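**Student:** Dropping in data28.cif, with mmCIF, C-alpha atoms.
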```cif
data_my_file
loop_
_atom_site.label_atom_id
_atom_site.label_comp_id
_atom_site.auth_asym_id
_atom_site.auth_seq_id
_atom_site.Cartn_x
_atom_site.Cartn_y
_atom_site.Cartn_z
CA MET A 1 124.46 124.64 110.11
CA SER A 2 126.41 122.12 112.20
CA HIS A 3 126.99 118.53 111.17
CA ASP A 4 124.95 117.38 114.20
CA THR A 5 121.79 118.69 112.54
CA LEU A 6 122.46 116.87 109.25
CA VAL A 7 121.71 113.22 108.53
CA LYS A 8 122.48 111.08 105.52
CA ARG A 9 119.49 109.38 103.95
CA GLN A 10 119.37 106.90 101.10
CA PHE A 11 116.13 106.26 99.31
CA GLY A 12 114.92 104.69 96.09
CA HIS A 13 113.14 106.46 93.28
CA ARG A 14 111.38 104.17 90.82
CA ALA A 15 110.44 105.34 87.33
CA ARG A 16 108.95 103.71 84.26
CA LEU A 17 111.23 103.05 81.30
CA ALA A 18 110.19 103.65 77.69
CA LEU A 19 112.08 100.89 75.85
CA SER A 20 111.84 99.89 72.22
CA PRO A 21 111.21 96.19 71.39
CA ALA A 22 114.91 95.70 70.67
CA GLU A 23 115.88 97.33 73.99
CA VAL A 24 113.37 95.15 75.83
CA LEU A 25 115.03 92.03 74.40
CA LYS A 26 118.45 93.28 75.52
CA ALA A 27 117.20 93.97 79.04
CA ASP A 28 115.49 90.56 79.16
CA ASP A 29 118.71 88.82 78.08
CA GLN A 30 120.67 90.62 80.80
CA ALA A 31 118.11 89.64 83.45
CA HIS A 32 118.19 85.99 82.39
CA ALA A 33 122.00 86.10 82.38
CA ALA A 34 121.99 87.55 85.92
CA ARG A 35 119.66 84.77 87.08
CA THR A 36 121.87 82.16 85.40
CA MET A 37 124.92 83.68 87.07
CA TRP A 38 123.21 83.33 90.45
CA ASN A 39 122.37 79.66 89.76
CA LEU A 40 125.95 78.94 88.63
CA LEU A 41 127.27 80.56 91.80
CA HIS A 42 124.94 78.44 93.89
CA ALA A 43 126.04 75.26 92.11
CA TRP A 44 129.68 76.28 92.55
CA TRP A 45 129.06 76.90 96.26
CA GLN A 46 127.58 73.44 96.76
CA MET A 47 130.40 71.55 95.06
CA MET A 48 133.34 73.59 96.43
CA PRO A 49 135.16 72.50 99.59
CA LYS A 50 134.33 74.60 102.60
CA GLU A 51 137.76 76.21 102.81
CA LYS A 52 137.47 77.49 99.20
CA ARG A 53 134.10 79.21 99.56
CA THR A 54 135.64 82.66 99.54
CA LEU A 55 134.94 85.84 97.64
CA GLY A 56 138.25 85.60 95.75
CA HIS A 57 137.63 82.07 94.50
CA ALA A 58 134.06 82.97 93.53
CA ASP A 59 135.26 86.02 91.59
CA ALA A 60 137.73 83.89 89.64
CA ALA A 61 134.97 81.38 88.89
CA ILE A 62 132.56 83.95 87.44
CA ARG A 63 135.34 85.51 85.36
CA GLN A 64 136.06 82.10 83.86
CA ALA A 65 132.36 81.46 83.28
CA ARG A 66 131.97 84.77 81.43
CA GLN A 67 134.82 83.75 79.12
CA GLU A 68 133.55 80.24 78.43
CA ILE A 69 129.78 80.88 78.20
CA ASP A 70 128.84 83.32 75.47
CA PHE A 71 125.35 83.86 76.90
CA LEU A 72 126.80 85.42 80.06
CA ALA A 73 128.74 88.01 78.05
CA VAL A 74 125.57 90.09 77.56
CA LEU A 75 125.67 90.87 81.30
CA PRO A 76 127.97 93.83 82.09
CA ALA A 77 130.97 92.99 84.26
CA GLN A 78 129.85 95.31 87.06
CA ALA A 79 126.39 93.73 87.07
CA ALA A 80 128.03 90.30 87.40
CA GLN A 81 130.04 91.56 90.37
CA ALA A 82 126.78 92.84 91.91
CA VAL A 83 125.29 89.34 91.59
CA LEU A 84 128.34 87.93 93.38
CA LYS A 85 128.09 90.44 96.25
CA THR A 86 124.34 89.87 96.57
CA TYR A 87 124.83 86.11 96.77
CA PHE A 88 127.42 86.37 99.55
CA GLN A 89 125.22 88.86 101.38
CA ALA A 90 122.36 86.34 101.18
CA TRP A 91 124.50 83.79 103.00
CA LYS A 92 125.48 86.39 105.59
CA ASN A 93 121.80 87.16 106.21
CA CYS A 94 121.19 83.43 106.60
CA TRP A 95 124.00 83.02 109.15
CA ASP A 96 122.70 86.00 111.13
CA GLY A 97 119.22 84.46 111.24
CA ARG A 98 117.56 87.18 109.16
CA ALA A 99 116.64 85.03 106.15
CA HIS A 100 116.57 81.49 104.80
CA ALA A 101 119.48 79.98 102.92
CA PRO A 102 119.73 81.08 99.27
CA ASN A 103 118.54 78.65 96.63
CA PHE A 104 118.29 78.30 92.87
CA LYS A 105 116.18 80.90 91.06
CA GLY A 106 113.49 79.59 88.72
CA ARG A 107 112.73 81.14 85.35
CA PHE A 108 109.10 82.07 85.96
CA ARG A 109 108.89 82.64 89.71
CA THR A 110 111.87 85.02 89.93
CA VAL A 111 111.65 88.79 89.51
CA MET A 112 113.73 89.83 86.52
CA SER A 113 116.28 92.47 87.55
CA VAL A 114 119.72 93.80 86.67
CA ASP A 115 121.89 95.93 88.95
CA ILE A 116 123.85 99.02 87.85
CA PRO A 117 126.31 99.55 90.74
CA GLN A 118 127.94 102.78 89.54
CA GLY A 119 125.79 105.90 89.41
CA ARG A 120 128.27 107.77 87.20
CA ASP A 121 127.64 105.29 84.36
CA LEU A 122 124.03 106.45 84.05
CA ASN A 123 124.82 109.96 82.78
CA ILE A 124 121.30 111.20 83.55
CA THR A 125 119.91 114.26 81.80
CA ARG A 126 116.46 115.79 81.84
CA VAL A 127 114.89 116.18 78.39
CA HIS A 128 111.81 118.14 79.43
CA ARG A 129 109.15 118.18 82.12
CA ARG A 130 107.94 114.61 81.62
CA TRP A 131 110.96 112.60 80.50
CA GLY A 132 114.62 112.05 81.29
CA MET A 133 117.42 110.08 79.61
CA ALA A 134 119.88 107.60 81.11
CA ASN A 135 122.61 105.27 79.84
CA ILE A 136 121.95 101.58 80.47
CA PRO A 137 125.12 99.48 80.00
CA LYS A 138 124.90 97.31 76.85
CA VAL A 139 121.34 98.53 76.20
CA GLY A 140 121.85 102.14 75.15
CA ARG A 141 120.47 105.53 76.00
CA VAL A 142 116.84 105.15 77.07
CA ARG A 143 114.04 107.38 78.27
CA PHE A 144 112.43 107.18 81.70
CA ARG A 145 109.47 108.95 83.25
CA TRP A 146 110.62 112.01 85.23
CA ILE A 147 108.39 112.11 88.31
CA ARG A 148 110.69 113.31 91.10
CA ASP A 149 113.65 115.68 90.85
CA LEU A 150 116.95 113.82 90.88
CA PRO A 151 120.36 115.19 91.94
CA VAL A 152 121.91 115.56 88.48
CA GLY A 153 123.99 118.29 86.89
CA ARG A 154 124.56 121.26 89.17
CA ARG A 155 122.37 119.74 91.87
CA ALA A 156 124.70 116.76 92.28
CA GLY A 157 127.58 116.75 94.72
CA ALA A 158 129.56 114.56 97.07
CA GLU A 159 126.74 114.55 99.62
CA ASN A 160 123.81 114.59 97.21
CA ARG A 161 124.18 112.14 94.34
CA ILE A 162 122.89 109.00 92.63
CA THR A 163 124.94 106.02 93.80
CA GLY A 164 123.47 103.42 91.44
CA ALA A 165 120.30 101.94 90.02
CA ARG A 166 118.50 98.70 89.42
CA LEU A 167 116.40 97.59 86.46
CA ILE A 168 113.26 95.74 87.54
CA LYS A 169 110.60 94.13 85.36
CA ASP A 170 107.06 93.58 86.58
CA ALA A 171 103.76 92.88 84.86
CA LEU A 172 103.58 96.47 83.59
CA GLY A 173 107.04 96.49 81.97
CA TRP A 174 110.58 97.57 82.80
CA HIS A 175 111.29 100.16 85.49
CA ILE A 176 114.46 101.72 86.87
CA ALA A 177 114.96 102.28 90.60
CA PHE A 178 117.59 104.93 91.38
CA ARG A 179 119.56 104.78 94.64
CA VAL A 180 119.90 108.36 95.86
CA LEU A 181 122.16 109.43 98.73
CA THR A 182 121.36 112.84 100.14
CA LEU A 183 122.26 114.92 103.16
CA GLU A 184 119.25 116.44 104.87
CA ALA A 185 118.61 118.49 107.97
CA LYS A 186 117.62 116.43 110.98
CA PRO A 187 113.90 117.08 111.55
CA ASP A 188 112.72 118.75 114.71
CA PRO A 189 110.40 116.74 116.99
CA HIS A 190 106.88 116.70 115.60
CA GLN A 191 104.53 118.77 117.72
CA GLY A 192 101.35 117.10 116.47
CA PRO A 193 98.97 115.15 118.72
CA ASP A 194 99.11 111.42 119.43
CA ILE A 195 96.82 109.15 117.44
CA GLY A 196 95.78 105.52 117.63
CA ILE A 197 95.07 103.49 114.47
CA ASP A 198 92.86 100.46 114.02
CA VAL A 199 93.12 98.63 110.70
CA GLY A 200 90.36 96.49 109.26
CA VAL A 201 88.76 95.10 106.13
CA THR A 202 85.46 96.98 105.96
CA VAL A 203 87.06 100.20 107.25
CA PRO A 204 90.72 100.07 106.17
CA ILE A 205 92.02 102.73 108.62
CA ALA A 206 90.15 104.16 111.61
CA LEU A 207 91.70 106.79 113.88
CA SER A 208 91.07 107.37 117.56
CA ASP A 209 89.80 110.92 116.89
CA GLY A 210 86.91 109.55 114.82
CA GLU A 211 88.38 110.07 111.34
CA THR A 212 88.40 107.19 108.87
CA TYR A 213 90.20 106.53 105.58
CA GLU A 214 88.33 104.38 103.07
CA HIS A 215 88.74 103.45 99.45
CA GLY A 216 86.71 101.88 96.69
CA GLU A 217 87.47 98.88 94.51
CA TRP A 218 90.90 98.86 92.92
CA LEU A 219 89.49 97.65 89.59
CA THR A 220 86.50 98.99 87.68
CA GLY A 221 83.54 96.81 86.78
CA LYS A 222 84.83 96.20 83.25
CA GLU A 223 88.30 95.38 84.55
CA LYS A 224 86.95 92.89 87.09
CA ALA A 225 84.83 91.24 84.38
CA ARG A 226 87.91 91.08 82.16
CA LEU A 227 89.96 89.54 84.98
CA LEU A 228 87.30 86.89 85.63
CA HIS A 229 87.16 86.05 81.93
CA LEU A 230 90.93 85.67 81.75
CA GLU A 231 91.05 83.48 84.86
CA GLN A 232 88.34 81.22 83.42
CA ARG A 233 90.21 81.02 80.12
CA ALA A 234 93.45 80.12 81.90
CA ALA A 235 91.71 77.41 83.94
CA GLN A 236 90.17 75.95 80.80
CA ARG A 237 93.46 75.88 78.90
CA LYS A 238 95.25 74.41 81.88
CA ARG A 239 92.58 71.71 82.24
CA HIS A 240 93.08 70.56 78.64
CA ARG A 241 96.85 70.37 78.98
CA ARG A 242 98.24 66.86 79.08
CA PRO A 243 100.26 65.67 82.09
CA GLY A 244 103.90 66.67 81.67
CA GLU A 245 103.18 68.87 78.65
CA ARG A 246 104.86 72.27 78.54
CA THR A 247 102.76 75.38 79.05
CA SER A 248 101.64 76.77 75.71
CA ARG A 249 102.40 80.28 74.54
CA ARG A 250 98.70 81.10 74.61
CA LEU A 251 98.46 80.12 78.28
CA HIS A 252 101.57 82.16 79.10
CA HIS A 253 100.02 85.13 77.30
CA THR A 254 96.84 84.72 79.35
CA TYR A 255 98.89 84.60 82.54
CA ASP A 256 100.65 87.82 81.50
CA GLN A 257 97.31 89.56 80.94
CA ILE A 258 96.09 88.43 84.38
CA ALA A 259 99.32 89.65 85.99
CA GLY A 260 98.93 93.00 84.23
CA LEU A 261 95.46 93.60 85.68
CA ARG A 262 96.56 92.55 89.16
CA ALA A 263 99.61 94.80 88.94
CA LYS A 264 97.36 97.70 87.97
CA ALA A 265 95.22 97.07 91.07
CA LYS A 266 98.32 96.87 93.25
CA ARG A 267 99.67 100.18 91.95
CA ARG A 268 96.37 101.90 92.68
CA ALA A 269 96.36 100.44 96.19
CA LEU A 270 99.95 101.56 96.76
CA ASP A 271 99.12 105.05 95.54
CA TRP A 272 96.25 105.28 98.04
CA GLN A 273 98.46 103.99 100.84
CA HIS A 274 101.19 106.51 100.07
CA LYS A 275 98.78 109.45 100.07
CA THR A 276 97.03 108.28 103.24
CA THR A 277 100.18 107.55 105.24
CA THR A 278 101.76 110.84 104.15
CA HIS A 279 98.76 112.78 105.46
CA ILE A 280 98.82 110.88 108.77
CA ALA A 281 102.58 111.37 109.22
CA GLN A 282 102.28 115.10 108.52
CA THR A 283 99.35 115.58 110.93
CA TYR A 284 100.29 113.54 114.01
CA GLY A 285 103.41 113.36 116.15
CA ALA A 286 103.10 109.84 117.60
CA VAL A 287 101.31 107.17 115.58
CA VAL A 288 100.28 104.07 117.55
CA VAL A 289 99.41 100.80 115.78
CA GLU A 290 98.74 97.23 116.82
CA ALA A 291 101.54 94.66 116.71
CA LEU A 292 99.64 92.24 114.48
CA SER A 293 100.89 88.79 113.48
CA ILE A 294 99.51 88.94 109.96
CA THR A 295 101.11 85.64 108.93
CA ASN A 296 99.14 83.78 111.58
CA MET A 297 95.95 85.69 110.76
CA VAL A 298 95.91 84.54 107.13
CA LYS A 299 96.60 80.86 107.78
CA SER A 300 94.27 78.46 106.04
CA ALA A 301 91.45 76.78 107.98
CA ARG A 302 91.44 73.72 105.73
CA GLY A 303 92.87 71.38 108.34
CA THR A 304 93.73 67.77 107.55
CA ALA A 305 91.88 64.82 106.08
CA GLU A 306 91.39 63.36 109.57
CA GLU A 307 90.35 66.69 111.12
CA PRO A 308 88.94 68.95 108.38
CA GLY A 309 88.46 72.61 109.19
CA LYS A 310 85.21 74.54 109.46
CA ASN A 311 84.02 77.47 107.33
CA VAL A 312 86.97 76.99 104.99
CA THR A 313 85.44 79.05 102.17
CA GLN A 314 84.58 81.97 104.45
CA LYS A 315 88.07 81.92 105.98
CA SER A 316 89.66 81.88 102.53
CA GLY A 317 87.68 84.97 101.56
CA LEU A 318 88.73 86.72 104.76
CA ASN A 319 92.37 85.83 104.14
CA ARG A 320 92.20 87.32 100.65
CA SER A 321 90.64 90.51 102.03
CA ILE A 322 93.33 90.84 104.71
CA SER A 323 96.10 90.27 102.17
CA GLY A 324 94.52 92.78 99.81
CA GLU A 325 94.58 95.52 102.44
CA ALA A 326 98.36 95.03 102.97
CA TRP A 327 98.41 96.15 106.61
CA GLY A 328 102.11 95.40 106.94
CA ARG A 329 102.94 97.69 104.03
CA THR A 330 100.90 100.47 105.64
CA VAL A 331 102.95 100.17 108.84
CA THR A 332 106.18 100.13 106.84
CA LEU A 333 105.25 103.34 105.04
CA LEU A 334 104.24 105.01 108.29
CA THR A 335 107.51 103.96 109.94
CA TYR A 336 109.86 105.80 107.61
CA LYS A 337 107.53 108.74 106.91
CA THR A 338 107.04 109.56 110.59
CA ALA A 339 110.82 109.33 111.11
CA GLN A 340 111.47 111.75 108.24
CA LEU A 341 109.04 114.29 109.70
CA GLY A 342 110.26 114.04 113.30
CA GLY A 343 107.45 111.81 114.55
CA THR A 344 107.46 108.29 115.97
CA LEU A 345 105.61 105.06 115.29
CA VAL A 346 104.84 102.81 118.24
CA LYS A 347 103.40 99.29 118.36
CA VAL A 348 101.22 98.03 121.21
CA PRO A 349 99.81 94.58 122.02
CA ALA A 350 96.82 93.72 119.84
CA PRO A 351 94.72 91.25 121.90
CA GLY A 352 91.46 92.63 123.27
CA THR A 353 91.49 96.05 121.63
CA SER A 354 88.31 95.39 119.64
CA ARG A 355 86.37 93.82 122.55
CA ARG A 356 87.35 96.20 125.35
CA CYS A 357 85.31 99.31 126.10
CA SER A 358 87.39 102.47 125.67
CA ALA A 359 85.27 104.35 128.25
CA CYS A 360 85.35 102.02 131.26
CA GLY A 361 88.08 99.55 130.24
CA CYS A 362 85.90 96.47 130.80
CA THR A 363 85.68 93.53 128.41
CA THR A 364 82.09 92.31 128.53
CA PRO A 365 80.82 89.48 126.28
CA GLY A 366 78.47 90.63 123.55
CA SER A 367 79.52 94.28 123.62
CA ARG A 368 80.41 94.29 119.94
CA GLU A 369 76.95 93.83 118.48
CA SER A 370 78.06 94.06 114.83
CA GLN A 371 81.01 95.01 112.70
CA ALA A 372 80.32 98.73 113.14
CA VAL A 373 78.42 98.98 116.46
CA PHE A 374 79.91 98.68 119.93
CA VAL A 375 77.62 98.89 122.99
CA CYS A 376 79.24 98.29 126.37
CA LYS A 377 77.26 95.71 128.36
CA ASN A 378 78.73 96.89 131.65
CA PRO A 379 75.71 98.12 133.73
CA ASP A 380 77.79 100.96 135.14
CA CYS A 381 78.89 102.21 131.72
CA GLY A 382 76.64 101.63 128.70
CA TRP A 383 78.87 103.58 126.29
CA SER A 384 78.02 103.11 122.62
CA GLY A 385 79.76 104.14 119.43
CA ASN A 386 81.56 102.96 116.35
CA ALA A 387 83.45 99.72 116.93
CA ASP A 388 86.51 100.73 114.89
CA HIS A 389 86.68 104.08 116.65
CA ASN A 390 86.48 102.26 119.99
CA ALA A 391 89.36 99.93 119.03
CA ALA A 392 91.54 102.86 117.91
CA ARG A 393 90.93 104.61 121.25
CA ASN A 394 92.02 101.44 123.06
CA VAL A 395 95.19 101.32 120.98
CA LEU A 396 96.05 104.89 121.94
CA HIS A 397 95.21 104.20 125.61
CA LEU A 398 97.71 101.32 125.72
CA TYR A 399 100.43 103.67 124.51
CA ARG A 400 99.59 106.33 127.07
CA THR A 401 99.60 103.80 129.91
CA GLY A 402 103.13 102.68 129.00
CA LEU A 403 102.39 99.33 127.35
CA ALA A 404 104.19 100.19 124.12
CA LEU A 405 106.48 97.56 122.63
CA ILE A 406 105.54 95.02 125.32
CA PRO A 407 104.26 91.67 123.99
CA ALA A 408 100.95 90.22 125.10
CA ALA A 409 102.76 87.87 127.47
CA GLY A 410 103.72 90.90 129.56
CA ARG A 411 107.48 90.61 129.26
CA ALA A 412 110.05 91.43 126.63
CA VAL A 413 110.78 88.55 124.27
CA VAL A 414 113.90 88.63 122.11
CA ARG A 415 114.19 86.29 119.16
CA ARG A 416 117.69 84.99 119.05
CA ALA A 417 119.26 84.21 115.72
CA LYS A 418 120.12 80.62 114.99
CA ARG A 419 123.75 79.92 115.64
CA VAL A 420 125.11 78.81 112.29
CA LYS A 421 128.80 78.31 111.74
CA PRO A 422 130.42 80.29 108.91
CA ALA A 423 130.93 78.49 105.64
CA ALA A 424 134.67 78.19 106.17
CA ALA A 425 134.12 76.35 109.48
CA ARG A 426 131.48 73.95 108.23
#
```
Just give me the structure of the file as structure tokens.
**Tutor:**
Amino acid sequence: MSHDTLVKRQFGHRARLALSPAEVLKADDQAHAARTMWNLLHAWWQMMPKEKRTLGHADAAIRQARQEIDFLAVLPAQAAQAVLKTYFQAWKNCWDGRAHAPNFKGRFRTVMSVDIPQGRDLNITRVHRRWGMANIPKVGRVRFRWIRDLPVGRRAGAENRITGARLIKDALGWHIAFRVLTLEAKPDPHQGPDIGIDVGVTVPIALSDGETYEHGEWLTGKEKARLLHLEQRAAQRKRHRRPGERTSRRLHHTYDQIAGLRAKAKRRALDWQHKTTTHIAQTYGAVVVEALSITNMVKSARGTAEEPGKNVTQKSGLNRSISGEAWGRTVTLLTYKTAQLGGTLVKVPAPGTSRRCSACGCTTPGSRESQAVFVCKNPDCGWSGNADHNAARNVLHLYRTGLALIPAAGRAVVRRAKRVKPAAAR
């Protein structure tokens, strides 16, 4: 097989860690040390002259800090170097216009994580079908859930190996995300049919061929009752807290329980999205979606004190429903899965797809009689059918008529990055 048919691909594999209470404390200390290291770097950056904001001076500063501050010694040296590289990359992303400027990381609003840059330090072995073992620097040898085969032992090589990992803590505990570099055969073009997709709240995914993908509630009745009880308890404890008083341990524990239930719902939703998008990517060659501006769609309707908004409560409920469906994450999953299988994902302008008739192409007022029923009011047409199916057919029609990747204004618009001078020149 020639090198032209092979492509390098790097992906992440996340697995649950089984840590003892002592190991959890060690991982927590490392995460807090990494966050403190970031904050010290940011303070150093602000007080240093512009000509001394270099990688060499920053490396010398963190080495000195690790010698003078005992708390930072729990963080492995390579993990400290990873914090330094991530911080400088954050400024590079800011200068290129891809992100905001980095800032201090708070204790409670920051995701706890520790980077393991070298994959060879992990020394991964498989114990049996369900569990594997890995070395975590300054934590010890720990177990992790073996869900996907990893390139270890005889399966590992120069072109198929684990390049590193990252420890991440969420509401359900500590996890490890492996960075895997592999060499795969370039997929042949997908020979499946084209399909248009319309996303919604009542019907999450509707296809132009009439098929729909739906799901139930992410939490059971008992779990939703438990979540409501915990939210009421948190509100009550917060209401009795004095101004300026620190949050009690009981309130923090309640917040952790709420976060655990919400994380469980999110994992179930992500599992459904993965299975659904995998089936779509395997079945269809070209997947066409709407170029939605979700950020603008979920803006609050509250307004101002001088000009208050209308139907604020209804709009808030709609915003929560849109955010819960995670349309952007669905498109992200479809993007890389279609590419891996030789297909393509295309975006088309969104305005008018739900109000236009897919049979005659006319947009007549009152054609969408309800959420699920579309009846064309054009006297020469009169087509009727499911409204979501009609919108998906319009999405596919825009792709076939050559309107893919063209904004609603009718011309290509390129967002130019803000021109920010490098730190040395400021």
**Student:** Can you turn the PyMOL selection byres ((chain A and resi 151) around 12) into a concrete residue list for this file, as a ChimeraX atom specification?
**Tutor:** /A:13,119-120,123-126,148-150,152-163,178-183
**Student:** I'd like the residues picked by the PyMOL selection byres ((chain A and resi 280) around 12) written out as a PyMOL selection string, using the chain letters and numbers from the file.
**Tutor:** chain A and resi 192-197+205-207+211-213+273-279+281-288+330-331+333-335+337-338+341+343-345
**Student:** Grab the atom CA of A:Ala18 to atom CA of A:Asp70 distance for me, in Å with one decimal place.
**Tutor:**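 Answer for the atom CA of A:Ala18 to atom CA of A:Asp70 separation: 27.7 Å.
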**Student:** Could you jot down the atom CA of A:Arg355 to atom CA of A:Ala391 separation for me, Å, one decimal place?
**Tutor:**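 Straight-line distance from atom CA of A:Arg355 to atom CA of A:Ala391 works out to 7.7 Å.
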**Student:** Give the answer as one residue: which of A:Ala80, A:Ala34, A:Ala60, A:Val127 has the shortest atom-to-atom distance to A:Val111, using all atoms listed in the file?
**Tutor:**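 Answer, going by the shortest atom-to-atom distance: A:Ala34.
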**Student:** Tell me which protein, DNA and RNA residues are within 8 Å of A:Ala99, counting all atoms listed in the file, leaving out same-chain ones fewer than 4 positions away, and put them as an MDAnalysis selection string.
**Tutor:** chainID A and resid 90 93:94
**Student:** A:Leu72: which residues within 10 Å, counting all atoms listed in the file, same-chain residues fewer than 2 positions away excluded, as a list in words?
**Tutor:**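 Returned residues: Asp29, Gln30, His32, Ala33, Ala34, Thr36, Met37, Ile62, Ala65, Arg66, Gln67, Glu68, Ile69, Asp70, Val74, Leu75, Pro76, Ala77 and Ala80 of chain A.
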**Student:** Show me, as a ChimeraX atom specification, the residues that have an atom within 8 Å of stretch 394-396 of chain A when counting all atoms listed in the file, minus same-chain residues fewer than 4 positions from it.
**Tutor:** /A:194-198,208,288-290,348,350,353-354,356-358,390,400
**Student:** Now that the selection is made, can you save its residues with C-alpha atoms as a PDB file, in the coordinates of the input?
**Tutor:**
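The result, stored in part08.pdb:
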```
ATOM      1  CA  ASP A 194      99.110 111.420 119.430  1.00  0.00           C
ATOM      2  CA  ILE A 195      96.820 109.150 117.440  1.00  0.00           C
ATOM      3  CA  GLY A 196      95.780 105.520 117.630  1.00  0.00           C
ATOM      4  CA  ILE A 197      95.070 103.490 114.470  1.00  0.00           C
ATOM      5  CA  ASP A 198      92.860 100.460 114.020  1.00  0.00           C
ATOM      6  CA  SER A 208      91.070 107.370 117.560  1.00  0.00           C
ATOM      7  CA  VAL A 288     100.280 104.070 117.550  1.00  0.00           C
ATOM      8  CA  VAL A 289      99.410 100.800 115.780  1.00  0.00           C
ATOM      9  CA  GLU A 290      98.740  97.230 116.820  1.00  0.00           C
ATOM     10  CA  VAL A 348     101.220  98.030 121.210  1.00  0.00           C
ATOM     11  CA  ALA A 350      96.820  93.720 119.840  1.00  0.00           C
ATOM     12  CA  THR A 353      91.490  96.050 121.630  1.00  0.00           C
ATOM     13  CA  SER A 354      88.310  95.390 119.640  1.00  0.00           C
ATOM     14  CA  ARG A 356      87.350  96.200 125.350  1.00  0.00           C
ATOM     15  CA  CYS A 357      85.310  99.310 126.100  1.00  0.00           C
ATOM     16  CA  SER A 358      87.390 102.470 125.670  1.00  0.00           C
ATOM     17  CA  ASN A 390      86.480 102.260 119.990  1.00  0.00           C
ATOM     18  CA  ARG A 400      99.590 106.330 127.070  1.00  0.00           C
TER      19      ARG A 400
END
```
**Student:** From the list A:Asp271, A:Asp28, A:Asp59, A:Asp121, which residue is nearest A:Arg329 when using all atoms listed in the file?
**Tutor:** A:Asp271
**Student:** Please indicate the distance in Å from atom CA of A:Lys138 to atom CA of A:Glu23, rounded to one decimal place.
**Tutor:**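 It comes out at 9.5 Å.
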**Student:** Report the residues retrieved by the PyMOL selection byres ((chain A and resi 322) around 9) from the displayed file, expressed as a PyMOL selection string.
**Tutor:** chain A and resi 200-201+294+297-298+317-321+323-327
**Student:** Between A:Leu292, A:Leu172, A:Ala235, A:Val203, which one has atoms that come closest to A:Lys264, using only C-alpha atoms?
**Tutor:**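 Of all the options, A:Leu172 lies closest to A:Lys264.
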**Student:** So, with only C-alpha atoms as the atoms that count, which of A:Gly132, A:Pro49, A:Gly164, A:Pro243 lies closest to A:Gly12?
**Tutor:**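 Closest to A:Gly12 of all the choices is A:Gly164.
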**Student:** So that I can see what lies close to stretch 362-375 of chain A, please list as a PyMOL selection string the residues with an atom at most 7 Å from it, counting all atoms listed in the file and leaving out residues fewer than 5 positions away in the same chain.
**Tutor:** chain A and resi 355-357+382-388
**Student:** Which is closest to A:Leu251 among A:Glu231, A:Arg267, A:Ile168, A:Ala22, if we use all atoms listed in the file?
**Tutor:** A:Glu231
**Student:** Which is closest to A:Arg141 among A:Leu122, A:Ala263, A:Ala392, A:Met47, if we use only C-alpha atoms?
**Tutor:** A:Leu122
**Student:** Which residues are near A:Ala259? Cut-off 12 Å, only C-alpha atoms, ignore same chain within fewer than 5 positions. Put them as a list in words.
**Tutor:**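 The contact residues come out as Asp170, Ala171, Leu172, Gly173, Leu227, Leu230, Glu231, Ala234, His252, His253, Thr254, Lys264, Ala265 and Lys266 of chain A.
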**Student:** Store the residues picked out above in a file with C-alpha atoms, as an mmCIF file, in the coordinates of the input.
**Tutor:**
```
data_model
loop_
_atom_site.group_PDB
_atom_site.id
_atom_site.type_symbol
_atom_site.label_atom_id
_atom_site.label_comp_id
_atom_site.auth_asym_id
_atom_site.auth_seq_id
_atom_site.Cartn_x
_atom_site.Cartn_y
_atom_site.Cartn_z
ATOM 1 C CA ASP A 170 107.060 93.580 86.580
ATOM 2 C CA ALA A 171 103.760 92.880 84.860
ATOM 3 C CA LEU A 172 103.580 96.470 83.590
ATOM 4 C CA GLY A 173 107.040 96.490 81.970
ATOM 5 C CA LEU A 227 89.960 89.540 84.980
ATOM 6 C CA LEU A 230 90.930 85.670 81.750
ATOM 7 C CA GLU A 231 91.050 83.480 84.860
ATOM 8 C CA ALA A 234 93.450 80.120 81.900
ATOM 9 C CA HIS A 252 101.570 82.160 79.100
ATOM 10 C CA HIS A 253 100.020 85.130 77.300
ATOM 11 C CA THR A 254 96.840 84.720 79.350
ATOM 12 C CA LYS A 264 97.360 97.700 87.970
ATOM 13 C CA ALA A 265 95.220 97.070 91.070
ATOM 14 C CA LYS A 266 98.320 96.870 93.250
#
```
**Student:** How big is the axis-aligned box around all listed atoms of stretch 385-394 of chain A once 8 Å goes on each side, and where's its centre, in Å to one decimal, as AutoDock Vina command-line options?
**Tutor:**
```
--center_x 85.9 --center_y 102.2 --center_z 119.0 --size_x 28.3 --size_y 20.9 --size_z 24.2
```
